[in-house]
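> What follows is the file run_22.pdb, containing PDB, N, CA and C atoms:
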```pdb
ATOM      1  N   MET A   5      23.840 -50.486  50.945
ATOM      2  CA  MET A   5      24.422 -49.710  49.872
ATOM      3  C   MET A   5      25.826 -49.263  50.273
ATOM      4  N   ILE A   6      26.738 -49.358  49.344
ATOM      5  CA  ILE A   6      28.114 -48.944  49.576
ATOM      6  C   ILE A   6      28.256 -47.463  49.255
ATOM      7  N   LYS A   7      28.810 -46.729  50.169
ATOM      8  CA  LYS A   7      29.070 -45.308  49.936
ATOM      9  C   LYS A   7      30.234 -45.187  48.958
ATOM     10  N   ILE A   8      30.044 -44.435  47.899
ATOM     11  CA  ILE A   8      31.075 -44.279  46.882
ATOM     12  C   ILE A   8      32.157 -43.343  47.392
ATOM     13  N   ASN A   9      33.364 -43.822  47.352
ATOM     14  CA  ASN A   9      34.539 -43.050  47.715
ATOM     15  C   ASN A   9      35.468 -43.094  46.506
ATOM     16  N   LYS A  10      35.972 -41.964  46.103
ATOM     17  CA  LYS A  10      36.803 -41.921  44.906
ATOM     18  C   LYS A  10      38.036 -42.798  45.013
ATOM     19  N   ASN A  11      38.420 -43.173  46.219
ATOM     20  CA  ASN A  11      39.589 -44.029  46.399
ATOM     21  C   ASN A  11      39.278 -45.509  46.209
ATOM     22  N   ASN A  12      37.998 -45.912  46.278
ATOM     23  CA  ASN A  12      37.688 -47.331  46.147
ATOM     24  C   ASN A  12      36.938 -47.682  44.870
ATOM     25  N   ILE A  13      36.956 -46.827  43.876
ATOM     26  CA  ILE A  13      36.288 -47.107  42.609
ATOM     27  C   ILE A  13      37.141 -48.078  41.805
ATOM     28  N   LYS A  14      36.527 -49.181  41.414
ATOM     29  CA  LYS A  14      37.231 -50.201  40.643
ATOM     30  C   LYS A  14      37.162 -49.938  39.141
ATOM     31  N   ILE A  15      35.978 -49.547  38.654
ATOM     32  CA  ILE A  15      35.784 -49.395  37.212
ATOM     33  C   ILE A  15      35.137 -48.046  36.919
ATOM     34  N   SER A  16      35.730 -47.317  35.990
ATOM     35  CA  SER A  16      35.116 -46.107  35.445
ATOM     36  C   SER A  16      34.521 -46.480  34.091
ATOM     37  N   ILE A  17      33.246 -46.194  33.924
ATOM     38  CA  ILE A  17      32.541 -46.512  32.686
ATOM     39  C   ILE A  17      32.220 -45.196  31.992
ATOM     40  N   VAL A  18      32.779 -45.002  30.806
ATOM     41  CA  VAL A  18      32.613 -43.756  30.075
ATOM     42  C   VAL A  18      31.625 -43.989  28.935
ATOM     43  N   ILE A  19      30.602 -43.121  28.872
ATOM     44  CA  ILE A  19      29.552 -43.257  27.862
ATOM     45  C   ILE A  19      29.342 -41.916  27.162
ATOM     46  N   PRO A  20      29.564 -41.838  25.850
ATOM     47  CA  PRO A  20      29.166 -40.629  25.120
ATOM     48  C   PRO A  20      27.652 -40.672  24.882
ATOM     49  N   ILE A  21      26.955 -39.603  25.241
ATOM     50  CA  ILE A  21      25.498 -39.533  25.081
ATOM     51  C   ILE A  21      25.204 -38.529  23.966
ATOM     52  N   TYR A  22      24.654 -39.046  22.860
ATOM     53  CA  TYR A  22      24.401 -38.193  21.696
ATOM     54  C   TYR A  22      22.952 -37.743  21.576
ATOM     55  N   ASP A  23      22.038 -38.539  22.047
ATOM     56  CA  ASP A  23      20.637 -38.148  21.945
ATOM     57  C   ASP A  23      19.844 -38.805  23.056
ATOM     58  N   ASN A  24      18.638 -38.349  23.208
ATOM     59  CA  ASN A  24      17.758 -38.866  24.248
ATOM     60  C   ASN A  24      16.845 -39.915  23.628
ATOM     61  N   ASN A  25      17.051 -41.153  23.983
ATOM     62  CA  ASN A  25      16.152 -42.209  23.546
ATOM     63  C   ASN A  25      16.033 -43.243  24.660
ATOM     64  N   ASN A  26      15.131 -44.184  24.485
ATOM     65  CA  ASN A  26      14.895 -45.188  25.526
ATOM     66  C   ASN A  26      16.103 -46.075  25.756
ATOM     67  N   TYR A  27      16.923 -46.267  24.746
ATOM     68  CA  TYR A  27      18.103 -47.118  24.904
ATOM     69  C   TYR A  27      19.075 -46.524  25.918
ATOM     70  N   VAL A  28      19.202 -45.215  25.916
ATOM     71  CA  VAL A  28      20.120 -44.562  26.856
ATOM     72  C   VAL A  28      19.667 -44.826  28.290
ATOM     73  N   LYS A  29      18.415 -44.632  28.553
ATOM     74  CA  LYS A  29      17.895 -44.843  29.903
ATOM     75  C   LYS A  29      18.009 -46.307  30.313
ATOM     76  N   ASP A  30      17.755 -47.222  29.380
ATOM     77  CA  ASP A  30      17.928 -48.647  29.674
ATOM     78  C   ASP A  30      19.383 -48.962  29.988
ATOM     79  N   CYS A  31      20.287 -48.370  29.243
ATOM     80  CA  CYS A  31      21.713 -48.565  29.474
ATOM     81  C   CYS A  31      22.094 -48.087  30.875
ATOM     82  N   LEU A  32      21.677 -46.891  31.231
ATOM     83  CA  LEU A  32      22.029 -46.334  32.537
ATOM     84  C   LEU A  32      21.424 -47.138  33.677
ATOM     85  N   HIS A  33      20.188 -47.573  33.509
ATOM     86  CA  HIS A  33      19.559 -48.400  34.544
ATOM     87  C   HIS A  33      20.264 -49.744  34.684
ATOM     88  N   SER A  34      20.706 -50.319  33.565
ATOM     89  CA  SER A  34      21.407 -51.594  33.653
ATOM     90  C   SER A  34      22.743 -51.436  34.380
ATOM     91  N   LEU A  35      23.371 -50.285  34.255
ATOM     92  CA  LEU A  35      24.616 -50.038  34.976
ATOM     93  C   LEU A  35      24.368 -49.835  36.468
ATOM     94  N   LEU A  36      23.280 -49.184  36.800
ATOM     95  CA  LEU A  36      22.945 -48.974  38.215
ATOM     96  C   LEU A  36      22.620 -50.278  38.934
ATOM     97  N   ASN A  37      22.176 -51.272  38.200
ATOM     98  CA  ASN A  37      21.778 -52.541  38.799
ATOM     99  C   ASN A  37      22.920 -53.551  38.895
ATOM    100  N   GLN A  38      24.124 -53.137  38.616
ATOM    101  CA  GLN A  38      25.266 -54.048  38.684
ATOM    102  C   GLN A  38      25.514 -54.509  40.120
ATOM    103  N   THR A  39      26.013 -55.738  40.255
ATOM    104  CA  THR A  39      26.341 -56.239  41.591
ATOM    105  C   THR A  39      27.583 -55.548  42.142
ATOM    106  N   LEU A  40      28.510 -55.180  41.286
ATOM    107  CA  LEU A  40      29.678 -54.411  41.720
ATOM    108  C   LEU A  40      29.234 -52.962  41.887
ATOM    109  N   LYS A  41      29.362 -52.445  43.075
ATOM    110  CA  LYS A  41      28.904 -51.085  43.361
ATOM    111  C   LYS A  41      30.034 -50.063  43.347
ATOM    112  N   GLN A  42      31.271 -50.502  43.258
ATOM    113  CA  GLN A  42      32.405 -49.577  43.227
ATOM    114  C   GLN A  42      32.693 -49.160  41.779
ATOM    115  N   ILE A  43      31.671 -48.583  41.150
ATOM    116  CA  ILE A  43      31.813 -48.100  39.772
ATOM    117  C   ILE A  43      31.461 -46.625  39.736
ATOM    118  N   GLU A  44      32.013 -45.941  38.750
ATOM    119  CA  GLU A  44      31.550 -44.588  38.450
ATOM    120  C   GLU A  44      31.152 -44.580  36.990
ATOM    121  N   ILE A  45      30.102 -43.869  36.697
ATOM    122  CA  ILE A  45      29.572 -43.775  35.350
ATOM    123  C   ILE A  45      29.768 -42.339  34.894
ATOM    124  N   VAL A  46      30.614 -42.172  33.901
ATOM    125  CA  VAL A  46      30.974 -40.840  33.406
ATOM    126  C   VAL A  46      30.286 -40.640  32.061
ATOM    127  N   CYS A  47      29.312 -39.756  32.027
ATOM    128  CA  CYS A  47      28.568 -39.469  30.801
ATOM    129  C   CYS A  47      29.128 -38.211  30.146
ATOM    130  N   ILE A  48      29.477 -38.340  28.891
ATOM    131  CA  ILE A  48      29.911 -37.186  28.106
ATOM    132  C   ILE A  48      28.702 -36.726  27.309
ATOM    133  N   ASN A  49      28.182 -35.577  27.656
ATOM    134  CA  ASN A  49      26.919 -35.088  27.127
ATOM    135  C   ASN A  49      27.132 -34.294  25.844
ATOM    136  N   TYR A  50      26.710 -34.871  24.719
ATOM    137  CA  TYR A  50      26.767 -34.184  23.435
ATOM    138  C   TYR A  50      25.418 -33.577  23.065
ATOM    139  N   CYS A  51      24.409 -33.816  23.895
ATOM    140  CA  CYS A  51      23.092 -33.217  23.667
ATOM    141  C   CYS A  51      22.822 -32.249  24.818
ATOM    142  N   SER A  52      21.773 -31.509  24.721
ATOM    143  CA  SER A  52      21.531 -30.485  25.742
ATOM    144  C   SER A  52      20.333 -30.815  26.632
ATOM    145  N   ASP A  53      19.932 -32.058  26.656
ATOM    146  CA  ASP A  53      18.761 -32.436  27.450
ATOM    147  C   ASP A  53      19.060 -32.384  28.944
ATOM    148  N   ASP A  54      18.130 -31.835  29.682
ATOM    149  CA  ASP A  54      18.285 -31.722  31.129
ATOM    150  C   ASP A  54      18.035 -33.035  31.867
ATOM    151  N   TRP A  55      17.396 -34.005  31.217
ATOM    152  CA  TRP A  55      17.085 -35.263  31.891
ATOM    153  C   TRP A  55      18.347 -35.969  32.370
ATOM    154  N   LEU A  56      19.446 -35.850  31.614
ATOM    155  CA  LEU A  56      20.690 -36.520  32.000
ATOM    156  C   LEU A  56      21.253 -35.920  33.291
ATOM    157  N   LYS A  57      21.222 -34.607  33.399
ATOM    158  CA  LYS A  57      21.681 -33.952  34.629
ATOM    159  C   LYS A  57      20.776 -34.297  35.798
ATOM    160  N   TYR A  58      19.486 -34.375  35.543
ATOM    161  CA  TYR A  58      18.540 -34.759  36.590
ATOM    162  C   TYR A  58      18.809 -36.198  37.047
ATOM    163  N   PHE A  59      18.988 -37.096  36.094
ATOM    164  CA  PHE A  59      19.264 -38.503  36.382
ATOM    165  C   PHE A  59      20.549 -38.632  37.189
ATOM    166  N   ALA A  60      21.564 -37.913  36.783
ATOM    167  CA  ALA A  60      22.854 -37.964  37.468
ATOM    168  C   ALA A  60      22.767 -37.356  38.864
ATOM    169  N   GLY A  61      21.964 -36.337  39.024
ATOM    170  CA  GLY A  61      21.810 -35.710  40.330
ATOM    171  C   GLY A  61      21.158 -36.616  41.361
ATOM    172  N   LYS A  62      20.467 -37.633  40.914
ATOM    173  CA  LYS A  62      19.787 -38.570  41.796
ATOM    174  C   LYS A  62      20.680 -39.734  42.232
ATOM    175  N   ASN A  63      21.886 -39.842  41.671
ATOM    176  CA  ASN A  63      22.716 -41.005  41.957
ATOM    177  C   ASN A  63      24.173 -40.612  42.059
ATOM    178  N   GLU A  64      24.842 -41.051  43.108
ATOM    179  CA  GLU A  64      26.237 -40.674  43.335
ATOM    180  C   GLU A  64      27.225 -41.393  42.424
ATOM    181  N   HIS A  65      26.768 -42.392  41.678
ATOM    182  CA  HIS A  65      27.655 -43.097  40.749
ATOM    183  C   HIS A  65      27.948 -42.278  39.493
ATOM    184  N   PHE A  66      27.126 -41.280  39.213
ATOM    185  CA  PHE A  66      27.198 -40.564  37.947
ATOM    186  C   PHE A  66      27.982 -39.266  38.013
ATOM    187  N   GLN A  67      28.690 -39.005  36.929
ATOM    188  CA  GLN A  67      29.272 -37.699  36.665
ATOM    189  C   GLN A  67      28.852 -37.339  35.241
ATOM    190  N   VAL A  68      28.503 -36.096  35.006
ATOM    191  CA  VAL A  68      28.124 -35.650  33.671
ATOM    192  C   VAL A  68      29.022 -34.492  33.281
ATOM    193  N   PHE A  69      29.595 -34.597  32.092
ATOM    194  CA  PHE A  69      30.454 -33.541  31.564
ATOM    195  C   PHE A  69      29.965 -33.149  30.188
ATOM    196  N   SER A  70      30.085 -31.885  29.873
ATOM    197  CA  SER A  70      29.724 -31.444  28.531
ATOM    198  C   SER A  70      30.841 -31.805  27.566
ATOM    199  N   LYS A  71      30.545 -31.755  26.305
ATOM    200  CA  LYS A  71      31.524 -32.091  25.272
ATOM    201  C   LYS A  71      32.797 -31.267  25.426
ATOM    202  N   LYS A  72      32.661 -30.021  25.799
ATOM    203  CA  LYS A  72      33.817 -29.121  25.915
ATOM    204  C   LYS A  72      34.820 -29.595  26.954
ATOM    205  N   LYS A  73      34.325 -30.140  28.060
ATOM    206  CA  LYS A  73      35.212 -30.536  29.155
ATOM    207  C   LYS A  73      35.676 -31.980  29.049
ATOM    208  N   SER A  74      35.243 -32.695  28.024
ATOM    209  CA  SER A  74      35.561 -34.115  27.925
ATOM    210  C   SER A  74      36.923 -34.377  27.296
ATOM    211  N   GLU A  75      37.602 -33.338  26.857
ATOM    212  CA  GLU A  75      38.872 -33.530  26.167
ATOM    213  C   GLU A  75      39.927 -34.173  27.055
ATOM    214  N   ASN A  76      39.881 -33.947  28.352
ATOM    215  CA  ASN A  76      40.844 -34.529  29.279
ATOM    216  C   ASN A  76      40.168 -35.569  30.162
ATOM    217  N   ILE A  77      39.430 -36.463  29.559
ATOM    218  CA  ILE A  77      38.631 -37.431  30.316
ATOM    219  C   ILE A  77      39.497 -38.307  31.215
ATOM    220  N   ILE A  78      40.681 -38.637  30.796
ATOM    221  CA  ILE A  78      41.560 -39.491  31.597
ATOM    222  C   ILE A  78      41.927 -38.804  32.917
ATOM    223  N   ASN A  79      41.954 -37.498  32.923
ATOM    224  CA  ASN A  79      42.290 -36.767  34.147
ATOM    225  C   ASN A  79      41.143 -36.686  35.152
ATOM    226  N   ILE A  80      39.934 -36.985  34.733
ATOM    227  CA  ILE A  80      38.798 -36.826  35.643
ATOM    228  C   ILE A  80      38.214 -38.145  36.119
ATOM    229  N   ILE A  81      38.612 -39.271  35.509
ATOM    230  CA  ILE A  81      38.087 -40.549  35.971
ATOM    231  C   ILE A  81      38.876 -41.032  37.180
ATOM    232  N   ASN A  82      38.237 -41.836  38.008
ATOM    233  CA  ASN A  82      38.827 -42.255  39.272
ATOM    234  C   ASN A  82      39.026 -43.758  39.401
ATOM    235  N   GLY A  83      38.553 -44.531  38.442
ATOM    236  CA  GLY A  83      38.608 -45.981  38.567
ATOM    237  C   GLY A  83      39.985 -46.573  38.347
ATOM    238  N   GLU A  84      40.157 -47.753  38.921
ATOM    239  CA  GLU A  84      41.387 -48.508  38.705
ATOM    240  C   GLU A  84      41.456 -48.988  37.249
ATOM    241  N   TYR A  85      40.285 -49.290  36.679
ATOM    242  CA  TYR A  85      40.158 -49.691  35.280
ATOM    243  C   TYR A  85      39.161 -48.767  34.611
ATOM    244  N   VAL A  86      39.251 -48.669  33.286
ATOM    245  CA  VAL A  86      38.315 -47.831  32.535
ATOM    246  C   VAL A  86      37.801 -48.614  31.339
ATOM    247  N   THR A  87      36.526 -48.409  31.040
ATOM    248  CA  THR A  87      35.941 -48.998  29.849
ATOM    249  C   THR A  87      35.068 -47.940  29.180
ATOM    250  N   PHE A  88      34.987 -48.020  27.862
ATOM    251  CA  PHE A  88      34.162 -47.114  27.070
ATOM    252  C   PHE A  88      33.046 -47.943  26.450
ATOM    253  N   ILE A  89      31.818 -47.473  26.603
ATOM    254  CA  ILE A  89      30.675 -48.200  26.056
ATOM    255  C   ILE A  89      29.814 -47.258  25.223
ATOM    256  N   ASN A  90      28.888 -47.840  24.467
ATOM    257  CA  ASN A  90      27.941 -47.061  23.670
ATOM    258  C   ASN A  90      26.652 -46.853  24.444
ATOM    259  N   GLN A  91      25.927 -45.825  24.103
ATOM    260  CA  GLN A  91      24.694 -45.497  24.811
ATOM    261  C   GLN A  91      23.591 -46.516  24.579
ATOM    262  N   GLU A  92      23.711 -47.368  23.577
ATOM    263  CA  GLU A  92      22.697 -48.384  23.302
ATOM    264  C   GLU A  92      22.991 -49.709  24.004
ATOM    265  N   ASP A  93      24.134 -49.814  24.676
ATOM    266  CA  ASP A  93      24.511 -51.071  25.322
ATOM    267  C   ASP A  93      23.655 -51.329  26.558
ATOM    268  N   PHE A  94      23.397 -52.585  26.796
ATOM    269  CA  PHE A  94      22.627 -53.024  27.948
ATOM    270  C   PHE A  94      23.409 -54.151  28.604
ATOM    271  N   PHE A  95      23.535 -54.140  29.934
ATOM    272  CA  PHE A  95      24.402 -55.074  30.616
ATOM    273  C   PHE A  95      23.649 -55.936  31.619
ATOM    274  N   HIS A  96      23.981 -57.205  31.606
ATOM    275  CA  HIS A  96      23.455 -58.133  32.586
ATOM    276  C   HIS A  96      23.923 -57.691  33.969
ATOM    277  N   VAL A  97      23.163 -58.005  34.993
ATOM    278  CA  VAL A  97      23.432 -57.550  36.351
ATOM    279  C   VAL A  97      24.807 -57.984  36.869
ATOM    280  N   TYR A  98      25.361 -59.070  36.342
ATOM    281  CA  TYR A  98      26.671 -59.549  36.791
ATOM    282  C   TYR A  98      27.803 -59.206  35.824
ATOM    283  N   TYR A  99      27.559 -58.295  34.903
ATOM    284  CA  TYR A  99      28.593 -57.972  33.902
ATOM    285  C   TYR A  99      29.818 -57.342  34.538
ATOM    286  N   PHE A 100      29.613 -56.381  35.416
ATOM    287  CA  PHE A 100      30.735 -55.730  36.097
ATOM    288  C   PHE A 100      30.795 -56.200  37.532
TER
END
```
Hey, can you dump this file as structure tokens for me?


Amino acid sequence: MIKINKNNIKISIVIPIYDNNNYVKDCLHSLLNQTLKQIEIVCINYCSDDWLKYFAGKNEHFQVFSKKKSENIINIINGEYVTFINQEDFFHVYYF
């Protein structure tokens, strides 16, 4: 496993999370299984479910921000590149 260092992050993946459903968890798991490990996953939490904070606390790739703090998202991401995805998206293991 590669230790995540904010200086070696290649891709920041930003996901707005609006509700808790199985698609969200599938999306997050598909991102964790990527072959490229120099990614950060930035979740913008529009719901108040604690599962997202729990999920993020278990993995160093994740950052979770509330809607209020997401206004300056460009200032908090660390990747060389940034992409925005939907919470229903699912990615093949070699996508990133």

> List every residue of chain A that DSSP, applied to the backbone, labels as helix (DSSP H, G or I), and write the result as a PyMOL selection string.

chain A and resi 26-36+54-61+71-80

> Among chain A, which residues carry a DSSP assignment of strand (DSSP E or B), reported as a ChimeraX atom specification?

/A:15-21,43-49,66-70,85-88

> So, counting all atoms listed in the file, which residue among A:Ile13, A:Ile45, A:Val18, A:Asp23 is closest to Ile89 of chain A?

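Of A:Ile13, A:Ile45, A:Val18, A:Asp23, the one nearest Ile89 of chain A is A:Val18, counting all atoms listed in the file.
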
> Just want the 9 Å neighbourhood of Leu35 of chain A, counted on only C-alpha atoms, with same-chain residues fewer than 2 positions away dropped. Output as a count of residues only.

15

> A:Lys71, A:Ser34, A:Cys51, A:Glu44: which is nearest Tyr85 of chain A, counting only C-alpha atoms?

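Residue with the minimum atom-to-atom distance to Tyr85 of chain A: A:Glu44.
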
> Generate the coordinates of N, CA, C and O atoms for segment 17-41 of chain A; report them as a short mmCIF file (atom, residue, chain, number, x, y, z; two decimals), keeping the file's coordinate frame.


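Heads up, here's the output in result02.cif:
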```
data_model
loop_
_atom_site.label_atom_id
_atom_site.label_comp_id
_atom_site.auth_asym_id
_atom_site.auth_seq_id
_atom_site.Cartn_x
_atom_site.Cartn_y
_atom_site.Cartn_z
N ILE A 17 33.25 -46.19 33.92
CA ILE A 17 32.54 -46.51 32.69
C ILE A 17 32.22 -45.20 31.99
O ILE A 17 31.50 -44.37 32.54
N VAL A 18 32.78 -45.00 30.81
CA VAL A 18 32.61 -43.76 30.08
C VAL A 18 31.62 -43.99 28.94
O VAL A 18 31.79 -44.92 28.14
N ILE A 19 30.60 -43.12 28.87
CA ILE A 19 29.55 -43.26 27.86
C ILE A 19 29.34 -41.92 27.16
O ILE A 19 28.96 -40.94 27.81
N PRO A 20 29.56 -41.84 25.85
CA PRO A 20 29.17 -40.63 25.12
C PRO A 20 27.65 -40.67 24.88
O PRO A 20 27.12 -41.69 24.42
N ILE A 21 26.96 -39.60 25.24
CA ILE A 21 25.50 -39.53 25.08
C ILE A 21 25.20 -38.53 23.97
O ILE A 21 25.47 -37.34 24.11
N TYR A 22 24.65 -39.05 22.86
CA TYR A 22 24.40 -38.19 21.70
C TYR A 22 22.95 -37.74 21.58
O TYR A 22 22.68 -36.70 21.02
N ASP A 23 22.04 -38.54 22.05
CA ASP A 23 20.64 -38.15 21.94
C ASP A 23 19.84 -38.80 23.06
O ASP A 23 20.33 -39.69 23.75
N ASN A 24 18.64 -38.35 23.21
CA ASN A 24 17.76 -38.87 24.25
C ASN A 24 16.84 -39.92 23.63
O ASN A 24 15.99 -39.59 22.83
N ASN A 25 17.05 -41.15 23.98
CA ASN A 25 16.15 -42.21 23.55
C ASN A 25 16.03 -43.24 24.66
O ASN A 25 16.73 -43.19 25.65
N ASN A 26 15.13 -44.18 24.48
CA ASN A 26 14.90 -45.19 25.53
C ASN A 26 16.10 -46.08 25.76
O ASN A 26 16.30 -46.59 26.85
N TYR A 27 16.92 -46.27 24.75
CA TYR A 27 18.10 -47.12 24.90
C TYR A 27 19.08 -46.52 25.92
O TYR A 27 19.71 -47.25 26.67
N VAL A 28 19.20 -45.22 25.92
CA VAL A 28 20.12 -44.56 26.86
C VAL A 28 19.67 -44.83 28.29
O VAL A 28 20.46 -45.22 29.15
N LYS A 29 18.42 -44.63 28.55
CA LYS A 29 17.90 -44.84 29.90
C LYS A 29 18.01 -46.31 30.31
O LYS A 29 18.37 -46.61 31.46
N ASP A 30 17.76 -47.22 29.38
CA ASP A 30 17.93 -48.65 29.67
C ASP A 30 19.38 -48.96 29.99
O ASP A 30 19.68 -49.74 30.90
N CYS A 31 20.29 -48.37 29.24
CA CYS A 31 21.71 -48.56 29.47
C CYS A 31 22.09 -48.09 30.88
O CYS A 31 22.76 -48.81 31.63
N LEU A 32 21.68 -46.89 31.23
CA LEU A 32 22.03 -46.33 32.54
C LEU A 32 21.42 -47.14 33.68
O LEU A 32 22.08 -47.39 34.69
N HIS A 33 20.19 -47.57 33.51
CA HIS A 33 19.56 -48.40 34.54
C HIS A 33 20.26 -49.74 34.68
O HIS A 33 20.42 -50.25 35.79
N SER A 34 20.71 -50.32 33.56
CA SER A 34 21.41 -51.59 33.65
C SER A 34 22.74 -51.44 34.38
O SER A 34 23.18 -52.35 35.08
N LEU A 35 23.37 -50.28 34.26
CA LEU A 35 24.62 -50.04 34.98
C LEU A 35 24.37 -49.84 36.47
O LEU A 35 25.15 -50.27 37.31
N LEU A 36 23.28 -49.18 36.80
CA LEU A 36 22.94 -48.97 38.22
C LEU A 36 22.62 -50.28 38.93
O LEU A 36 22.79 -50.37 40.14
N ASN A 37 22.18 -51.27 38.20
CA ASN A 37 21.78 -52.54 38.80
C ASN A 37 22.92 -53.55 38.90
O ASN A 37 22.69 -54.70 39.24
N GLN A 38 24.12 -53.14 38.62
CA GLN A 38 25.27 -54.05 38.68
C GLN A 38 25.51 -54.51 40.12
O GLN A 38 25.28 -53.77 41.07
N THR A 39 26.01 -55.74 40.26
CA THR A 39 26.34 -56.24 41.59
C THR A 39 27.58 -55.55 42.14
O THR A 39 27.69 -55.35 43.35
N LEU A 40 28.51 -55.18 41.29
CA LEU A 40 29.68 -54.41 41.72
C LEU A 40 29.23 -52.96 41.89
O LEU A 40 28.76 -52.33 40.94
N LYS A 41 29.36 -52.44 43.08
CA LYS A 41 28.90 -51.08 43.36
C LYS A 41 30.03 -50.06 43.35
O LYS A 41 29.78 -48.87 43.41
#
```
